[in-house]
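The file target.cif contains mmCIF, C-alpha atoms:
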data_entry
#
loop_
_atom_site.label_atom_id
_atom_site.label_comp_id
_atom_site.auth_asym_id
_atom_site.auth_seq_id
_atom_site.Cartn_x
_atom_site.Cartn_y
_atom_site.Cartn_z
CA MET A 708 38.67 135.78 121.66
CA ILE A 709 37.63 132.12 121.48
CA GLU A 710 39.06 131.93 117.96
CA ARG A 711 42.42 133.22 119.17
CA ALA A 712 42.51 130.74 122.07
CA ALA A 713 41.73 127.89 119.68
CA LYS A 714 44.50 129.05 117.33
CA ASN A 715 46.98 129.26 120.24
CA ASP A 716 45.90 125.80 121.39
CA ARG A 717 46.54 124.38 117.88
CA VAL A 718 49.99 126.01 117.79
CA ARG A 719 50.86 124.56 121.21
CA ARG A 720 49.74 121.07 120.15
CA CYS A 721 51.74 121.33 116.94
CA LEU A 722 54.85 122.44 118.85
CA ALA A 723 54.36 119.66 121.41
CA ARG A 724 54.15 117.08 118.61
CA GLY A 725 57.31 118.52 117.07
CA VAL A 726 59.17 118.25 120.37
CA VAL A 727 57.99 114.65 120.85
CA VAL A 728 59.11 113.69 117.33
CA PHE A 729 62.47 115.41 117.85
CA LEU A 730 63.05 113.69 121.18
CA TRP A 731 62.14 110.36 119.58
CA ILE A 732 64.38 110.76 116.48
CA VAL A 733 67.59 112.06 118.14
CA PRO A 734 68.20 108.94 120.27
CA LEU A 735 67.54 106.77 117.21
CA GLN A 736 70.20 108.67 115.27
CA ILE A 737 72.66 108.30 118.14
CA LEU A 738 71.93 104.57 118.32
CA ALA A 739 72.38 104.28 114.56
CA LEU A 740 75.83 105.87 114.84
CA GLU A 741 76.76 103.54 117.70
CA ASP A 742 75.78 100.57 115.54
CA ASP A 743 77.58 101.89 112.45
CA PRO A 744 81.01 100.23 112.24
CA LEU A 745 81.88 101.91 108.91
CA GLN A 746 81.24 105.41 110.32
CA LYS A 747 83.26 104.61 113.44
CA ALA A 748 86.18 103.26 111.38
CA VAL A 749 86.12 106.25 109.01
CA ASN A 750 85.93 108.66 111.96
CA TYR A 751 88.95 107.06 113.62
CA LEU A 752 90.98 106.77 110.42
CA PHE A 753 90.68 110.45 109.54
CA THR A 754 90.37 112.11 112.96
CA GLY A 755 91.83 109.72 115.53
CA ARG A 756 88.53 109.87 117.43
CA ASN A 757 85.41 107.70 117.51
CA ASP A 758 83.10 110.68 118.00
CA PRO A 759 84.71 113.74 116.37
CA GLN A 760 82.95 117.07 116.37
CA ASP A 761 83.48 117.49 112.60
CA ALA A 762 82.95 113.87 111.51
CA PRO A 763 83.68 112.70 107.97
CA GLU A 764 80.52 112.42 105.88
CA ILE A 765 79.78 109.10 104.17
CA LEU A 766 78.26 110.03 100.81
CA ASP A 767 77.81 106.53 99.40
CA ARG A 768 78.03 103.45 101.61
CA LYS A 769 77.99 100.97 98.74
CA SER A 770 80.99 102.59 97.03
CA CYS A 771 82.56 103.74 100.32
CA VAL A 772 82.81 107.39 99.29
CA VAL A 773 83.49 109.87 102.11
CA VAL A 774 84.10 113.60 102.37
CA VAL A 775 86.56 114.83 104.96
CA SER A 776 87.40 118.39 105.90
CA ASP A 777 91.15 118.86 105.42
CA PRO A 778 92.28 120.46 108.70
CA LYS A 779 95.39 121.98 107.17
CA PHE A 780 93.85 123.75 104.16
CA LYS A 781 90.20 123.95 105.34
CA GLN A 782 89.08 122.29 102.11
CA PRO A 783 86.70 119.36 101.57
CA VAL A 784 88.37 116.22 100.23
CA ARG A 785 86.47 113.27 98.76
CA TYR A 786 87.99 109.81 99.21
CA TYR A 787 86.91 106.70 97.29
CA LEU A 788 87.79 104.13 99.95
CA GLY A 789 86.51 101.24 97.83
CA ARG A 790 89.13 102.05 95.20
CA PHE A 791 92.05 101.90 97.63
CA ARG A 792 94.48 99.11 96.76
CA MET A 793 95.02 97.96 100.32
CA ASP A 794 97.31 95.14 99.19
CA THR A 795 99.94 97.71 98.17
CA ALA A 796 99.18 100.36 100.82
CA PHE A 797 101.67 100.96 103.60
CA ILE A 798 101.92 103.00 106.76
CA ASN A 799 104.86 105.40 107.09
CA LYS A 800 106.36 106.08 110.50
CA THR A 801 108.14 109.40 111.04
CA TYR A 802 109.78 110.56 114.25
CA ALA A 803 109.28 114.20 115.21
CA GLY A 804 111.25 114.58 118.42
CA SER A 805 109.67 112.24 120.94
CA GLU A 806 106.46 111.96 118.91
CA THR A 807 105.81 109.32 116.25
CA VAL A 808 103.70 110.49 113.30
CA TYR A 809 101.99 108.00 110.99
CA SER A 810 100.66 108.38 107.46
CA LEU A 811 99.03 106.01 104.99
CA ASP A 812 100.39 105.80 101.44
CA VAL A 813 97.76 104.32 99.16
CA LYS A 814 97.19 104.02 95.41
CA GLY A 815 94.36 103.01 93.15
CA ALA A 816 93.73 102.08 89.52
CA GLU A 817 91.30 105.02 89.32
CA VAL A 818 91.10 108.39 91.05
CA ILE A 819 90.97 107.77 94.82
CA VAL A 820 91.05 111.34 96.13
CA GLU A 821 89.44 114.55 94.86
CA TYR A 822 89.97 118.03 96.25
CA LEU A 823 86.71 119.97 96.14
CA ASP A 824 85.73 123.63 96.17
CA PRO A 825 84.31 124.93 99.49
CA GLY A 826 80.73 124.28 98.29
CA LYS A 827 81.60 120.65 97.46
CA SER A 828 80.08 121.13 94.01
CA MET A 829 83.19 121.13 91.84
CA VAL A 830 86.28 118.94 91.71
CA LEU A 831 89.43 121.08 91.68
CA HIS A 832 91.81 118.16 91.09
CA GLY A 833 91.98 114.41 91.65
CA HIS A 834 94.75 111.84 92.11
CA LYS A 835 95.30 108.09 91.85
CA SER A 836 97.47 108.14 94.97
CA ALA A 837 97.22 109.75 98.36
CA GLN A 838 99.15 110.24 101.57
CA ILE A 839 96.74 110.45 104.48
CA SER A 840 97.85 111.70 107.89
CA LEU A 841 96.85 109.21 110.59
CA PRO A 842 96.12 110.76 113.99
CA GLY A 843 95.41 108.44 116.89
CA ASP A 844 96.69 105.12 118.17
CA ILE A 845 98.35 103.00 115.46
CA ASP A 846 96.74 99.76 116.70
CA GLN A 847 93.26 101.31 116.49
CA ILE A 848 94.12 102.78 113.08
CA SER A 849 95.15 99.33 111.85
CA LYS A 850 91.84 97.90 113.07
CA ALA A 851 89.92 100.72 111.37
CA LEU A 852 91.81 100.12 108.10
CA ALA A 853 91.13 96.37 108.26
CA LEU A 854 87.42 97.00 108.85
CA ILE A 855 87.22 99.53 106.02
CA ALA A 856 89.04 97.13 103.69
CA SER A 857 86.61 94.33 104.54
CA LEU A 858 83.48 96.50 104.23
CA CYS A 859 84.62 98.25 101.05
CA ARG A 860 86.22 95.37 99.15
CA ASN A 861 83.19 94.68 96.96
CA SER A 862 83.21 98.15 95.45
CA LYS A 863 86.64 97.83 93.82
CA PRO A 864 86.57 98.10 90.03
CA ALA A 865 87.24 95.01 87.95
CA GLU A 866 90.74 94.90 86.54
#
Could you quickly redo this structure as structure tokens?
Amino acid sequence: MIERAAKNDRVRRCLARGVVVFLWIVPLQILALEDDPLQKAVNYLFTGRNDPQDAPEILDRKSCVVVVSDPKFKQPVRYYLGRFRMDTAFINKTYAGSETVYSLDVKGAEVIVEYLDPGKSMVLHGHKSAQISLPGDIDQISKALALIASLCRNSKPAE
């Protein structure tokens, strides 16, 4: 009986430590996201929101590689933001009734976009140009693009 009580006590202490660690780590992760300008800019560029439910995943910060879930085809898409040639990129404006729809046309010297299989393990096809739908406010999108261009400029390949 005493052995069982001691075992239960150890389990409770272990669970309590786990809860304390969890409650300590979660706020740190939230603070890290709040202090992460690249993640915020990427979120806004691809989703039109600062805190989307299905946020783009930054795979490599140094090279500015992100994976975004394509809402139209439900397929993961990998973008090499550091390879974008922002000097030749332009934003298209299309009118759909009373709504204005924006998209970014961008090119690169290397592959800048890869369409992946659902498991994200295999590249189905890649392209040196892309047209990215831009949800959200155009002024905020422009700020996000400027920030991404400044943070990702060092990862462009030498020409």
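As for CA of Ser805 in chain A and CA of Pro778 in chain A, they are spaced 22.8 Å apart.
Here the PyMOL selection byres ((chain A and resi 751-765) around 7) captures the residues A:Lys747, A:Ala748, A:Val749, A:Asn750, A:Leu766, A:Asp767, A:Arg768, A:Val772, A:Val773, A:Val774, A:Val775, A:Leu841, A:Pro842, A:Gly843, A:Ile848, A:Ala851.
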Residue neighbourhood Pro783 in chain A, 8 Å, only C-alpha atoms, exclusion window fewer than 5 positions, as an MDAnalysis selection string: chainID A and resid 774:777 822:825 827
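Selection by the PyMOL selection byres ((chain A and resi 789) around 9) on the present file picks out Lys769, Ser770, Cys771, Val772, Tyr786, Tyr787, Leu788, Arg790, Phe791, Arg792, Ile819, Ile855, Ala856, Leu858, Cys859, Arg860, Asn861, Ser862, Lys863 and Pro864 of chain A.
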Hey, can you spit out that residue selection with C-alpha atoms as an mmCIF file, keeping the file's coordinate frame?
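For reference, part-v4.cif as written:
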data_model
loop_
_atom_site.group_PDB
_atom_site.id
_atom_site.type_symbol
_atom_site.label_atom_id
_atom_site.label_comp_id
_atom_site.auth_asym_id
_atom_site.auth_seq_id
_atom_site.Cartn_x
_atom_site.Cartn_y
_atom_site.Cartn_z
ATOM 1 C CA LYS A 769 77.990 100.970 98.740
ATOM 2 C CA SER A 770 80.990 102.590 97.030
ATOM 3 C CA CYS A 771 82.560 103.740 100.320
ATOM 4 C CA VAL A 772 82.810 107.390 99.290
ATOM 5 C CA TYR A 786 87.990 109.810 99.210
ATOM 6 C CA TYR A 787 86.910 106.700 97.290
ATOM 7 C CA LEU A 788 87.790 104.130 99.950
ATOM 8 C CA ARG A 790 89.130 102.050 95.200
ATOM 9 C CA PHE A 791 92.050 101.900 97.630
ATOM 10 C CA ARG A 792 94.480 99.110 96.760
ATOM 11 C CA ILE A 819 90.970 107.770 94.820
ATOM 12 C CA ILE A 855 87.220 99.530 106.020
ATOM 13 C CA ALA A 856 89.040 97.130 103.690
ATOM 14 C CA LEU A 858 83.480 96.500 104.230
ATOM 15 C CA CYS A 859 84.620 98.250 101.050
ATOM 16 C CA ARG A 860 86.220 95.370 99.150
ATOM 17 C CA ASN A 861 83.190 94.680 96.960
ATOM 18 C CA SER A 862 83.210 98.150 95.450
ATOM 19 C CA LYS A 863 86.640 97.830 93.820
ATOM 20 C CA PRO A 864 86.570 98.100 90.030
#
Using only C-alpha atoms, which residue out of A:Gln782, A:Ser849, A:Thr807, A:Ser857 lies closest to Glu821 in chain A? A:Gln782
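If you look at CA of Ser840 in chain A and CA of Thr801 in chain A, they are 11.0 Å away from each other.
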Contact residues around range 833-838 of chain A with all atoms listed in the file at 7 Å, ignoring same-chain residues under 5 positions, as a list in words: Ser810, Leu811, Asp812, Val813, Lys814, Gly815, Ala816, Glu817, Val818, Ile819, Val820, Glu821 and Tyr822 of chain A
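A straight line drawn from CA of Leu852 in chain A to CA of Arg785 in chain A is 17.0 Å long.
Counting all atoms listed in the file and comparing A:Leu745, A:Val784, A:Ala803, A:Val808, the residue that lies closest to Leu854 in chain A is A:Leu745.
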